[in-house]
file model.csv (CSV, C-alpha atoms)
chain,number,residue,atom,x,y,z
A,1,MET,CA,-25.5,-16.3,-10.1
A,2,ALA,CA,-23.5,-17.3,-7.0
A,3,THR,CA,-25.0,-16.7,-3.6
A,4,LEU,CA,-23.5,-16.2,-0.1
A,5,LYS,CA,-24.6,-19.8,0.6
A,6,ASP,CA,-22.5,-21.1,-2.3
A,7,ILE,CA,-19.4,-19.2,-1.2
A,8,ALA,CA,-19.9,-20.3,2.4
A,9,SER,CA,-20.1,-23.9,1.3
A,10,LEU,CA,-17.0,-23.7,-0.8
A,11,ALA,CA,-15.0,-21.8,1.8
A,12,ASN,CA,-16.3,-24.0,4.7
A,13,VAL,CA,-17.4,-21.0,6.8
A,14,SER,CA,-20.8,-19.5,7.8
A,15,GLN,CA,-22.9,-17.3,5.6
A,16,ALA,CA,-22.6,-14.6,8.2
A,17,THR,CA,-18.8,-14.6,8.1
A,18,VAL,CA,-18.9,-14.5,4.3
A,19,SER,CA,-21.2,-11.5,4.3
A,20,ARG,CA,-19.2,-9.6,6.8
A,21,VAL,CA,-15.8,-10.3,5.1
A,22,LEU,CA,-17.1,-9.4,1.6
A,23,ASN,CA,-18.7,-6.2,3.0
A,24,ARG,CA,-15.4,-5.2,4.7
A,25,ASP,CA,-16.8,-5.3,8.2
A,26,LEU,CA,-13.9,-3.8,10.2
A,27,THR,CA,-15.2,-5.1,13.5
A,28,LEU,CA,-14.8,-8.7,12.4
A,29,SER,CA,-11.7,-10.5,13.4
A,30,VAL,CA,-11.0,-13.6,11.4
A,31,PRO,CA,-7.6,-15.3,10.4
A,32,ASP,CA,-6.0,-14.2,7.1
A,33,ASP,CA,-6.3,-17.7,5.7
A,34,THR,CA,-10.1,-17.7,6.3
A,35,LYS,CA,-10.4,-14.3,4.4
A,36,GLU,CA,-8.2,-15.7,1.7
A,37,ARG,CA,-10.5,-18.8,1.3
A,38,ILE,CA,-13.6,-16.6,1.1
A,39,PHE,CA,-12.2,-14.2,-1.5
A,40,ASN,CA,-10.8,-17.1,-3.6
A,41,ALA,CA,-14.2,-18.9,-3.4
A,42,ALA,CA,-16.1,-15.7,-4.4
A,43,GLU,CA,-13.7,-15.1,-7.3
A,44,LYS,CA,-14.0,-18.7,-8.4
A,45,LEU,CA,-17.8,-18.5,-8.4
A,46,GLY,CA,-17.9,-15.2,-10.1
A,47,TYR,CA,-19.5,-13.4,-7.2
A,48,LYS,CA,-19.5,-9.6,-7.3
A,49,ILE,CA,-20.6,-7.2,-4.6
A,50,SER,CA,-23.4,-4.9,-5.7
A,51,VAL,CA,-21.6,-1.7,-6.9
A,52,LYS,CA,-24.6,0.6,-6.3
A,53,LYS,CA,-25.3,-0.7,-2.9
A,54,ALA,CA,-21.6,-0.6,-1.8
A,55,GLU,CA,-21.0,2.9,-3.3
A,56,LYS,CA,-24.1,4.2,-1.5
A,57,LYS,CA,-22.9,2.8,1.8
A,58,LEU,CA,-19.4,4.3,1.3
A,59,LYS,CA,-20.8,7.7,0.4
A,60,ALA,CA,-22.9,7.7,3.5
A,61,ASN,CA,-20.0,6.8,5.8
A,62,SER,CA,-17.4,8.9,3.9
A,63,VAL,CA,-14.9,6.0,3.9
A,64,PHE,CA,-11.6,6.0,2.1
A,65,ARG,CA,-11.0,2.6,0.4
A,66,ILE,CA,-7.4,1.6,0.8
A,67,GLY,CA,-6.0,-1.3,-1.1
A,68,ILE,CA,-3.4,-3.5,0.6
A,69,ALA,CA,-1.0,-5.4,-1.7
A,70,GLN,CA,1.6,-7.8,-0.4
A,71,MET,CA,4.9,-9.1,-1.8
A,72,PHE,CA,4.3,-12.6,-0.4
A,73,ASP,CA,1.4,-15.0,-1.0
A,74,LEU,CA,-0.4,-16.4,2.1
A,75,LYS,CA,2.0,-19.4,2.6
A,76,GLU,CA,5.1,-17.2,2.6
A,77,ARG,CA,3.4,-14.6,4.9
A,78,LEU,CA,2.7,-17.3,7.5
A,79,GLU,CA,6.4,-18.2,7.4
A,80,ASP,CA,7.5,-14.6,7.9
A,81,VAL,CA,6.0,-13.1,11.1
A,82,TYR,CA,7.5,-9.6,10.2
A,83,TYR,CA,5.3,-9.1,7.2
A,84,LEU,CA,2.3,-10.7,8.9
A,85,LEU,CA,2.6,-8.3,11.8
A,86,MET,CA,3.0,-5.4,9.4
A,87,LYS,CA,-0.2,-6.2,7.6
A,88,ASN,CA,-2.2,-6.7,10.8
A,89,ILE,CA,-1.0,-3.4,12.2
A,90,LEU,CA,-1.8,-1.7,9.0
A,91,GLU,CA,-5.4,-3.0,9.2
A,92,GLU,CA,-5.6,-1.8,12.8
A,93,GLU,CA,-4.4,1.7,11.8
A,94,CYS,CA,-6.9,1.9,9.0
A,95,PHE,CA,-9.7,0.7,11.3
A,96,SER,CA,-8.8,3.4,13.9
A,97,LYS,CA,-9.2,6.0,11.1
A,98,GLN,CA,-12.4,4.4,9.8
A,99,TYR,CA,-10.7,3.6,6.4
A,100,SER,CA,-12.0,0.6,4.5
A,101,CYS,CA,-9.2,-2.0,3.8
A,102,VAL,CA,-9.5,-3.9,0.5
A,103,ASN,CA,-7.1,-6.9,0.2
A,104,LEU,CA,-5.6,-7.3,-3.3
A,105,HIS,CA,-5.1,-10.9,-4.2
A,106,ARG,CA,-3.0,-12.5,-7.1
A,107,ASN,CA,-5.0,-14.5,-9.5
A,108,GLU,CA,-3.7,-17.5,-11.6
A,109,ASP,CA,-1.9,-15.0,-13.9
A,110,LYS,CA,-0.2,-13.3,-10.9
A,111,LYS,CA,-2.3,-10.2,-11.5
A,112,PHE,CA,-3.7,-8.3,-8.6
A,113,THR,CA,-7.5,-8.5,-8.3
A,114,LYS,CA,-10.1,-7.5,-5.8
A,115,ASN,CA,-13.6,-8.7,-5.2
A,116,ASP,CA,-15.7,-5.7,-6.4
A,117,ASP,CA,-15.7,-3.1,-9.0
A,118,LEU,CA,-15.4,-0.1,-6.7
A,119,LYS,CA,-12.6,2.3,-7.1
A,120,LEU,CA,-9.6,2.4,-4.7
A,121,ASP,CA,-8.6,5.8,-3.2
A,122,ALA,CA,-5.0,4.6,-2.6
A,123,ILE,CA,-2.9,1.5,-2.2
A,124,ILE,CA,-0.3,0.7,0.4
A,125,ALA,CA,2.1,-1.9,-1.0
A,126,ILE,CA,3.9,-4.0,1.6
A,127,GLY,CA,7.3,-5.4,0.6
A,128,ARG,CA,9.0,-5.4,-2.8
A,129,PHE,CA,7.4,-5.5,-6.2
A,130,THR,CA,8.5,-6.0,-9.8
A,131,LYS,CA,8.1,-3.2,-12.3
A,132,GLU,CA,5.3,-5.2,-13.9
A,133,GLU,CA,3.5,-5.7,-10.5
A,134,ILE,CA,3.8,-1.9,-9.9
A,135,ARG,CA,2.2,-1.2,-13.3
A,136,ASP,CA,-0.5,-3.7,-12.4
A,137,LEU,CA,-1.2,-1.7,-9.2
A,138,GLU,CA,-1.3,1.6,-11.1
A,139,GLY,CA,-4.2,0.1,-13.0
A,140,TYR,CA,-6.2,0.7,-9.9
A,141,THR,CA,-4.8,4.0,-8.8
A,142,ASN,CA,-1.6,6.1,-9.0
A,143,ASN,CA,-1.9,6.9,-5.3
A,144,ILE,CA,0.6,4.2,-4.1
A,145,VAL,CA,2.7,4.2,-0.9
A,146,PHE,CA,5.4,1.6,-0.5
A,147,LEU,CA,6.0,0.1,2.9
A,148,ASP,CA,9.4,-1.6,3.4
A,149,SER,CA,10.8,-0.7,0.0
A,150,SER,CA,11.4,2.4,-2.1
A,151,PRO,CA,11.3,1.4,-5.8
A,152,ASP,CA,11.2,5.0,-7.3
A,153,GLU,CA,11.8,7.9,-5.0
A,154,LEU,CA,10.8,10.4,-7.6
A,155,SER,CA,7.4,8.8,-8.2
A,156,TYR,CA,6.2,7.3,-4.9
A,157,TYR,CA,6.1,7.9,-1.2
A,158,SER,CA,7.9,5.2,0.7
A,159,VAL,CA,8.9,4.1,4.2
A,160,ILE,CA,11.8,1.9,5.1
A,161,PRO,CA,13.8,1.0,8.3
A,162,ASN,CA,17.3,2.3,8.8
A,163,TYR,CA,19.3,-0.8,8.0
A,164,HIS,CA,22.6,1.0,8.3
A,165,LEU,CA,21.8,2.2,11.8
A,166,ALA,CA,20.6,-1.3,12.9
A,167,VAL,CA,23.7,-3.1,11.7
A,168,ARG,CA,26.0,-0.5,13.2
A,169,GLN,CA,24.2,-0.8,16.6
A,170,ALA,CA,24.6,-4.6,16.6
A,171,LEU,CA,28.3,-4.6,15.6
A,172,GLU,CA,29.1,-1.8,18.1
A,173,GLU,CA,27.5,-3.9,20.9
A,174,PHE,CA,29.5,-7.0,19.9
A,175,ARG,CA,32.8,-5.0,19.8
A,176,ALA,CA,32.1,-3.3,23.1
A,177,LYS,CA,31.9,-6.8,24.6
A,178,GLY,CA,35.2,-7.8,23.0
A,179,HIS,CA,34.0,-9.8,20.0
A,180,LYS,CA,36.0,-9.6,16.7
A,181,LYS,CA,35.0,-12.8,15.0
A,182,ILE,CA,31.4,-11.9,14.2
A,183,ALA,CA,29.6,-14.0,11.7
A,184,TYR,CA,26.7,-13.0,9.4
A,185,VAL,CA,23.8,-15.4,9.2
A,186,GLY,CA,21.2,-14.7,6.6
A,187,SER,CA,20.7,-14.2,2.8
A,188,VAL,CA,23.5,-12.4,1.1
A,189,TYR,CA,21.2,-11.6,-1.8
A,190,THR,CA,17.6,-10.7,-1.3
A,191,PHE,CA,14.8,-9.0,-3.3
A,192,GLY,CA,15.7,-5.4,-4.0
A,193,ASP,CA,13.3,-2.5,-4.2
A,194,THR,CA,11.9,-3.8,-7.6
A,195,LYS,CA,12.1,-7.4,-6.6
A,196,GLU,CA,15.3,-8.2,-8.4
A,197,LEU,CA,18.0,-10.1,-6.5
A,198,SER,CA,20.6,-7.7,-5.1
A,199,LEU,CA,23.0,-7.5,-2.2
A,200,ASP,CA,21.0,-7.4,1.0
A,201,PRO,CA,21.5,-4.1,2.8
A,202,ARG,CA,22.2,-5.8,6.1
A,203,PHE,CA,25.0,-7.8,4.6
A,204,TYR,CA,26.3,-4.8,2.7
A,205,TYR,CA,26.6,-2.8,5.9
A,206,TYR,CA,28.0,-5.8,7.8
A,207,LYS,CA,30.7,-6.4,5.2
A,208,THR,CA,31.6,-2.7,4.9
A,209,SER,CA,32.0,-2.4,8.7
A,210,MET,CA,33.9,-5.6,9.1
A,211,LEU,CA,36.3,-4.6,6.3
A,212,SER,CA,36.9,-1.2,7.9
A,213,GLU,CA,38.0,-3.0,11.1
A,214,ASN,CA,40.1,-5.6,9.1
A,215,GLN,CA,37.8,-8.3,10.6
A,216,TYR,CA,36.0,-9.5,7.4
A,217,SER,CA,36.4,-13.1,6.2
A,218,ASP,CA,34.3,-15.0,3.7
A,219,ASN,CA,34.4,-17.8,6.2
A,220,LEU,CA,32.3,-15.7,8.6
A,221,VAL,CA,29.4,-15.6,6.2
A,222,ILE,CA,26.7,-18.2,6.6
A,223,ASP,CA,24.5,-17.6,3.6
A,224,CYS,CA,21.0,-19.0,4.0
A,225,GLU,CA,17.5,-18.3,3.1
A,226,MET,CA,15.5,-16.1,5.5
A,227,LYS,CA,13.7,-19.1,6.9
A,228,ALA,CA,14.2,-21.2,10.0
A,229,GLN,CA,14.7,-24.5,8.1
A,230,SER,CA,17.5,-23.0,5.9
A,231,GLY,CA,19.1,-21.4,9.0
A,232,TYR,CA,19.1,-24.8,10.7
A,233,GLU,CA,20.6,-26.6,7.7
A,234,LYS,CA,23.3,-24.1,6.9
A,235,MET,CA,24.3,-23.5,10.6
A,236,SER,CA,24.6,-27.3,11.1
A,237,GLU,CA,26.8,-27.6,8.0
A,238,TYR,CA,28.9,-24.7,9.2
A,239,LEU,CA,29.5,-26.1,12.6
A,240,ASP,CA,30.5,-29.5,11.1
A,241,ALA,CA,32.9,-28.0,8.6
A,242,ASN,CA,34.8,-25.5,10.8
A,243,ASN,CA,37.1,-25.9,13.7
A,244,GLU,CA,37.7,-22.2,14.3
A,245,LEU,CA,34.3,-20.8,15.0
A,246,PRO,CA,33.1,-17.2,15.5
A,247,THR,CA,32.2,-16.0,19.0
A,248,ALA,CA,29.2,-13.9,17.8
A,249,LEU,CA,26.4,-14.3,15.2
A,250,TYR,CA,24.5,-11.4,13.6
A,251,ILE,CA,21.3,-13.0,12.4
A,252,ALA,CA,19.7,-10.9,9.6
A,253,SER,CA,16.1,-11.9,10.4
A,254,ASP,CA,14.2,-13.3,13.4
A,255,THR,CA,12.7,-15.9,11.1
A,256,VAL,CA,16.2,-17.5,10.8
A,257,ALA,CA,16.8,-17.6,14.6
A,258,PRO,CA,14.8,-20.7,15.6
A,259,GLY,CA,16.7,-22.8,13.1
A,260,VAL,CA,20.1,-21.5,14.2
A,261,LEU,CA,19.3,-22.1,17.9
A,262,LYS,CA,18.2,-25.7,17.1
A,263,ALA,CA,21.5,-26.4,15.3
A,264,LEU,CA,23.5,-25.0,18.2
A,265,ARG,CA,21.6,-27.0,20.8
A,266,GLU,CA,22.1,-30.2,18.8
A,267,LYS,CA,25.8,-29.6,18.8
A,268,ASN,CA,25.7,-28.8,22.6
A,269,TYR,CA,26.5,-25.2,22.2
A,270,SER,CA,24.8,-22.6,24.4
A,271,VAL,CA,23.9,-18.9,24.1
A,272,PRO,CA,25.6,-16.7,25.2
A,273,ASN,CA,28.3,-18.9,26.7
A,274,ASP,CA,29.5,-20.3,23.4
A,275,PHE,CA,27.9,-17.9,20.9
A,276,SER,CA,26.6,-14.4,21.4
A,277,ILE,CA,23.6,-13.5,19.2
A,278,ILE,CA,21.8,-10.4,18.0
A,279,THR,CA,18.9,-10.7,15.5
A,280,PHE,CA,17.1,-8.2,13.3
A,281,ASN,CA,13.3,-7.3,13.5
A,282,ASN,CA,12.6,-7.9,17.3
A,283,THR,CA,9.5,-9.9,16.9
A,284,SER,CA,8.1,-12.6,19.2
A,285,LEU,CA,10.6,-15.0,17.7
A,286,SER,CA,13.5,-13.2,19.4
A,287,GLU,CA,11.6,-12.1,22.5
A,288,PHE,CA,10.4,-15.5,23.4
A,289,ALA,CA,13.3,-17.6,22.2
A,290,ASN,CA,15.2,-19.8,24.6
A,291,PRO,CA,17.2,-17.9,25.7
A,292,PRO,CA,15.6,-14.5,24.7
A,293,LEU,CA,17.8,-12.8,22.1
A,294,SER,CA,18.9,-9.2,21.8
A,295,SER,CA,17.5,-7.7,18.6
A,296,ASN,CA,17.3,-4.7,16.4
A,297,GLU,CA,13.8,-3.1,17.0
A,298,VAL,CA,12.6,-1.7,13.7
A,299,PHE,CA,9.4,-0.2,15.1
A,300,ILE,CA,6.9,-1.8,12.8
A,301,ARG,CA,4.0,0.2,14.1
A,302,GLU,CA,5.9,3.5,13.5
A,303,ASN,CA,6.7,2.3,9.9
A,304,VAL,CA,3.0,1.6,9.4
A,305,LYS,CA,1.9,4.9,10.8
A,306,SER,CA,4.3,6.7,8.6
A,307,ALA,CA,2.9,4.9,5.6
A,308,VAL,CA,-0.6,5.8,6.5
A,309,LYS,CA,0.5,9.5,7.0
A,310,CYS,CA,2.1,9.4,3.5
A,311,MET,CA,-1.1,8.0,2.1
A,312,GLU,CA,-3.1,10.9,3.6
A,313,LEU,CA,-0.6,13.4,2.0
A,314,VAL,CA,-1.1,11.7,-1.3
A,315,LEU,CA,-4.9,12.0,-1.0
A,316,GLN,CA,-4.4,15.7,-0.2
A,317,ASN,CA,-2.7,16.0,-3.5
A,318,ASN,CA,0.8,16.5,-2.0
A,319,ASN,CA,2.4,15.2,-5.2
A,320,LEU,CA,6.1,15.6,-4.3
A,321,PRO,CA,7.0,12.2,-2.9
A,322,LYS,CA,8.9,11.7,0.3
A,323,LYS,CA,11.1,8.8,1.5
A,324,ILE,CA,10.9,8.2,5.3
A,325,VAL,CA,13.7,6.3,6.9
A,326,VAL,CA,12.6,5.1,10.4
A,327,PRO,CA,15.4,4.7,13.0
A,328,CYS,CA,16.1,1.4,14.8
A,329,THR,CA,17.3,0.7,18.3
A,330,LEU,CA,18.9,-2.3,20.0
A,331,ILE,CA,16.8,-4.2,22.6
A,332,ASP,CA,19.2,-5.9,25.0
A,333,ARG,CA,18.1,-9.3,26.4
A,334,GLY,CA,21.5,-10.5,27.6
A,335,SER,CA,22.4,-12.7,24.6
A,336,VAL,CA,25.8,-11.0,24.1
A,337,LYS,CA,28.5,-12.2,26.5
A,338,GLU,CA,31.4,-10.0,27.5
A,339,LEU,CA,34.7,-11.8,26.6
A,340,LEU,CA,37.5,-11.9,29.1
A,341,LYS,CA,40.3,-9.4,28.2
call {"tool": "encode", "arguments": {"input": "model.csv", "output": "structure tokens"}}
result
Amino acid sequence: MATLKDIASLANVSQATVSRVLNRDLTLSVPDDTKERIFNAAEKLGYKISVKKAEKKLKANSVFRIGIAQMFDLKERLEDVYYLLMKNILEEECFSKQYSCVNLHRNEDKKFTKNDDLKLDAIIAIGRFTKEEIRDLEGYTNNIVFLDSSPDELSYYSVIPNYHLAVRQALEEFRAKGHKKIAYVGSVYTFGDTKELSLDPRFYYYKTSMLSENQYSDNLVIDCEMKAQSGYEKMSEYLDANNELPTALYIASDTVAPGVLKALREKNYSVPNDFSIITFNNTSLSEFANPPLSSNEVFIRENVKSAVKCMELVLQNNNLPKKIVVPCTLIDRGSVKELLK
């Protein structure tokens, strides 16, 4: 039978860290990749926490066990600070309420697994999930709350940001400063609520608004993955291929912004003198960019708090689901230049 020493050796951490991670010590702060190594090592070695011992501990402390499932694997989460922040804030909120967080991991068959045989009281699922993945989660509990997606409004509680409001705020800011040639930079198609490719809501509202003002053109769409590298490559190609350039860029995710800024710098363009920019998400990537970028604040913490509140309603047997749409606001950092009239 595998021991803590075996797991510690395989995961390259101390036995004390292994013990505290496997026993859900909420006072322990370790990186996600370290936790991932420990859980993977434990699973590989067939280690199981003593069910009797753990159940006795939970009963004594009256702790709710909340599973956390994520759309992305670890590598993808590290590339997308938005979902990384969301997960960290969720763990903080659960800690403040003395709930026990149980991370669900995908095994080699892409099935969600956990490291013990104890029941989950509820699951908060971050991001988008296929119908098969949702059925997989239902194998643990039907008490599921979706954070940042709404796959079935008749069956599940869900919390999403107000994409329509965010895009409208950004375009109104550009137009108030005299911009008409406003380009969209980001994925045109992204994962929908059940992880099928569909028109991204930010692009949908961008295109609808631009059409209503007779300002839309396919040449104003820079379709790239929601990643810095893709943003850099597509922006560079766009600048090389076009003589008539837009005056403003709406970047659909902060994660794309570093790549776009790099491409602009290499072509000797500056922000906001040559290009005005507004991004979506308002993470550290926009706040500490050079220069700092105006951005749609989506209130990640408020989204998370709403999801936790929904989870509590589920646990109280409030079985009529609710969909919460959290407003956004525009944080002005001076990256939109007023054009001369």
call {"tool": "closest_residue", "arguments": {"input": "model.csv", "among": "A:Ser286, A:Asn243, A:Asn318, A:Ser276", "to": "A:Val256", "atoms": "all atoms listed in the file"}}
result
A:Ser286
call {"tool": "atom_distance", "arguments": {"input": "model.csv", "atom1": "atom CA of A:Pro327", "atom2": "atom CA of A:Leu315"}}
result
25.7 Å
call {"tool": "closest_residue", "arguments": {"input": "model.csv", "among": "A:Val308, A:Val159, A:Leu84, A:Ile251", "to": "A:Phe203", "atoms": "only C-alpha atoms"}}
result
A:Ile251
call {"tool": "closest_residue", "arguments": {"input": "model.csv", "among": "A:Ile134, A:Met71, A:Val145, A:Leu22", "to": "A:Val314", "atoms": "all atoms listed in the file"}}
result
A:Val145
call {"tool": "closest_residue", "arguments": {"input": "model.csv", "among": "A:Lys44, A:His164, A:Lys97, A:Lys267", "to": "A:Asp200", "atoms": "all atoms listed in the file"}}
result
A:His164
call {"tool": "residues_around", "arguments": {"input": "model.csv", "residues": "A:Phe299", "least_positions_apart": "5", "cutoff": "10 Å", "atoms": "all atoms listed in the file", "output": "list in words"}}
result
Pro161, Asn281, Asn282, Thr283, Val304, Val326, Pro327, Cys328 and Thr329 of chain A
call {"tool": "closest_atom_pairs", "arguments": {"input": "model.csv", "of": "stretch 116-210 of chain A", "to": "stretch 215-233 of chain A", "cutoff": "7 Å", "atoms": "only C-alpha atoms", "output": "CSV"}}
result
residue,atom,partner,partner_atom,distance
A:Lys180,CA,A:Gln215,CA,6.5
A:Lys181,CA,A:Gln215,CA,6.9
A:Ile182,CA,A:Leu220,CA,6.8
A:Ala183,CA,A:Leu220,CA,4.4
A:Tyr184,CA,A:Val221,CA,4.9
A:Val185,CA,A:Ile222,CA,4.8
A:Gly186,CA,A:Cys224,CA,5.0
A:Ser187,CA,A:Cys224,CA,5.0
A:Val188,CA,A:Asp223,CA,5.9
A:Lys207,CA,A:Tyr216,CA,6.5
A:Met210,CA,A:Tyr216,CA,4.7
call {"tool": "atom_distance", "arguments": {"input": "model.csv", "atom1": "atom CA of A:Lys131", "atom2": "atom CA of A:Ala69"}}
result
14.1 Å
call {"tool": "atom_distance", "arguments": {"input": "model.csv", "atom1": "atom CA of A:Leu339", "atom2": "atom CA of A:Val271"}}
result
13.2 Å
call {"tool": "residues_around", "arguments": {"input": "model.csv", "residues": "A:Cys94", "least_positions_apart": "4", "cutoff": "10 Å", "atoms": "all atoms listed in the file", "output": "PyMOL selection string"}}
result
chain A and resi 26+64-66+88-90+98-101+304-305+308
call {"tool": "write_last_selection", "arguments": {"input": "model.csv", "atoms": "C-alpha atoms", "output": "compact mmCIF listing (two decimals), in the frame of the given file"}}
result
# COMPACT_ATOMS: atom_id res chain seq x y z
CA LEU A 26 -13.90 -3.80 10.20
CA PHE A 64 -11.60 6.00 2.10
CA ARG A 65 -11.00 2.60 0.40
CA ILE A 66 -7.40 1.60 0.80
CA ASN A 88 -2.20 -6.70 10.80
CA ILE A 89 -1.00 -3.40 12.20
CA LEU A 90 -1.80 -1.70 9.00
CA GLN A 98 -12.40 4.40 9.80
CA TYR A 99 -10.70 3.60 6.40
CA SER A 100 -12.00 0.60 4.50
CA CYS A 101 -9.20 -2.00 3.80
CA VAL A 304 3.00 1.60 9.40
CA LYS A 305 1.90 4.90 10.80
CA VAL A 308 -0.60 5.80 6.50
call {"tool": "closest_residue", "arguments": {"input": "model.csv", "among": "A:Thr194, A:Arg175, A:Glu133, A:Ala241", "to": "A:Glu213", "atoms": "only C-alpha atoms"}}
result
A:Arg175
call {"tool": "closest_residue", "arguments": {"input": "model.csv", "among": "A:His179, A:Ser306, A:Leu330, A:Leu320", "to": "A:Ile160", "atoms": "only C-alpha atoms"}}
result
A:Ser306
call {"tool": "residues_near_point", "arguments": {"input": "model.csv", "point": "(-6.6, -4.8, -2.4)", "cutoff": "8 Å", "atoms": "only C-alpha atoms", "output": "list in words"}}
result
Ile66, Gly67, Ile68, Ala69, Cys101, Val102, Asn103, Leu104, His105, Phe112, Thr113, Lys114 and Ile123 of chain A
call {"tool": "residues_around", "arguments": {"input": "model.csv", "residues": "A:Tyr140", "least_positions_apart": "4", "cutoff": "9 Å", "atoms": "only C-alpha atoms", "output": "ChimeraX atom specification"}}
result
/A:119-123,136
call {"tool": "decode", "arguments": {"input": "model.csv", "residues": "stretch 261-277 of chain A", "atoms": "N, CA and C atoms", "output": "compact mmCIF listing (two decimals), in the first residue's frame"}}
result
# COMPACT_ATOMS: atom_id res chain seq x y z
N LEU A 261 0.25 44.22 -28.02
CA LEU A 261 1.15 45.32 -27.70
C LEU A 261 2.55 45.08 -28.25
N LYS A 262 3.02 43.85 -28.18
CA LYS A 262 4.34 43.52 -28.72
C LYS A 262 4.38 43.75 -30.23
N ALA A 263 3.33 43.33 -30.93
CA ALA A 263 3.28 43.52 -32.38
C ALA A 263 3.27 45.00 -32.73
N LEU A 264 2.53 45.79 -31.97
CA LEU A 264 2.46 47.23 -32.24
C LEU A 264 3.82 47.89 -32.01
N ARG A 265 4.48 47.50 -30.93
CA ARG A 265 5.80 48.09 -30.64
C ARG A 265 6.80 47.77 -31.73
N GLU A 266 6.78 46.53 -32.22
CA GLU A 266 7.73 46.13 -33.25
C GLU A 266 7.53 46.90 -34.56
N LYS A 267 6.31 47.37 -34.78
CA LYS A 267 6.03 48.16 -35.99
C LYS A 267 6.08 49.66 -35.70
N ASN A 268 6.57 50.00 -34.49
CA ASN A 268 6.75 51.41 -34.09
C ASN A 268 5.43 52.18 -33.96
N TYR A 269 4.37 51.45 -33.58
CA TYR A 269 3.11 52.10 -33.24
C TYR A 269 3.03 52.26 -31.72
N SER A 270 2.33 53.30 -31.29
CA SER A 270 2.19 53.52 -29.86
C SER A 270 0.72 53.60 -29.46
N VAL A 271 0.47 53.35 -28.18
CA VAL A 271 -0.87 53.42 -27.59
C VAL A 271 -0.85 54.55 -26.55
N PRO A 272 -1.78 55.50 -26.63
CA PRO A 272 -2.95 55.57 -27.51
C PRO A 272 -2.76 56.45 -28.74
N ASN A 273 -1.55 56.95 -29.00
CA ASN A 273 -1.35 57.90 -30.11
C ASN A 273 -1.75 57.32 -31.46
N ASP A 274 -1.35 56.07 -31.72
CA ASP A 274 -1.69 55.45 -33.00
C ASP A 274 -2.91 54.53 -32.92
N PHE A 275 -3.01 53.82 -31.82
CA PHE A 275 -4.14 52.92 -31.61
C PHE A 275 -4.70 53.12 -30.20
N SER A 276 -6.00 53.32 -30.12
CA SER A 276 -6.67 53.32 -28.82
C SER A 276 -7.10 51.88 -28.52
N ILE A 277 -7.04 51.48 -27.24
CA ILE A 277 -7.31 50.08 -26.87
C ILE A 277 -8.20 50.01 -25.64
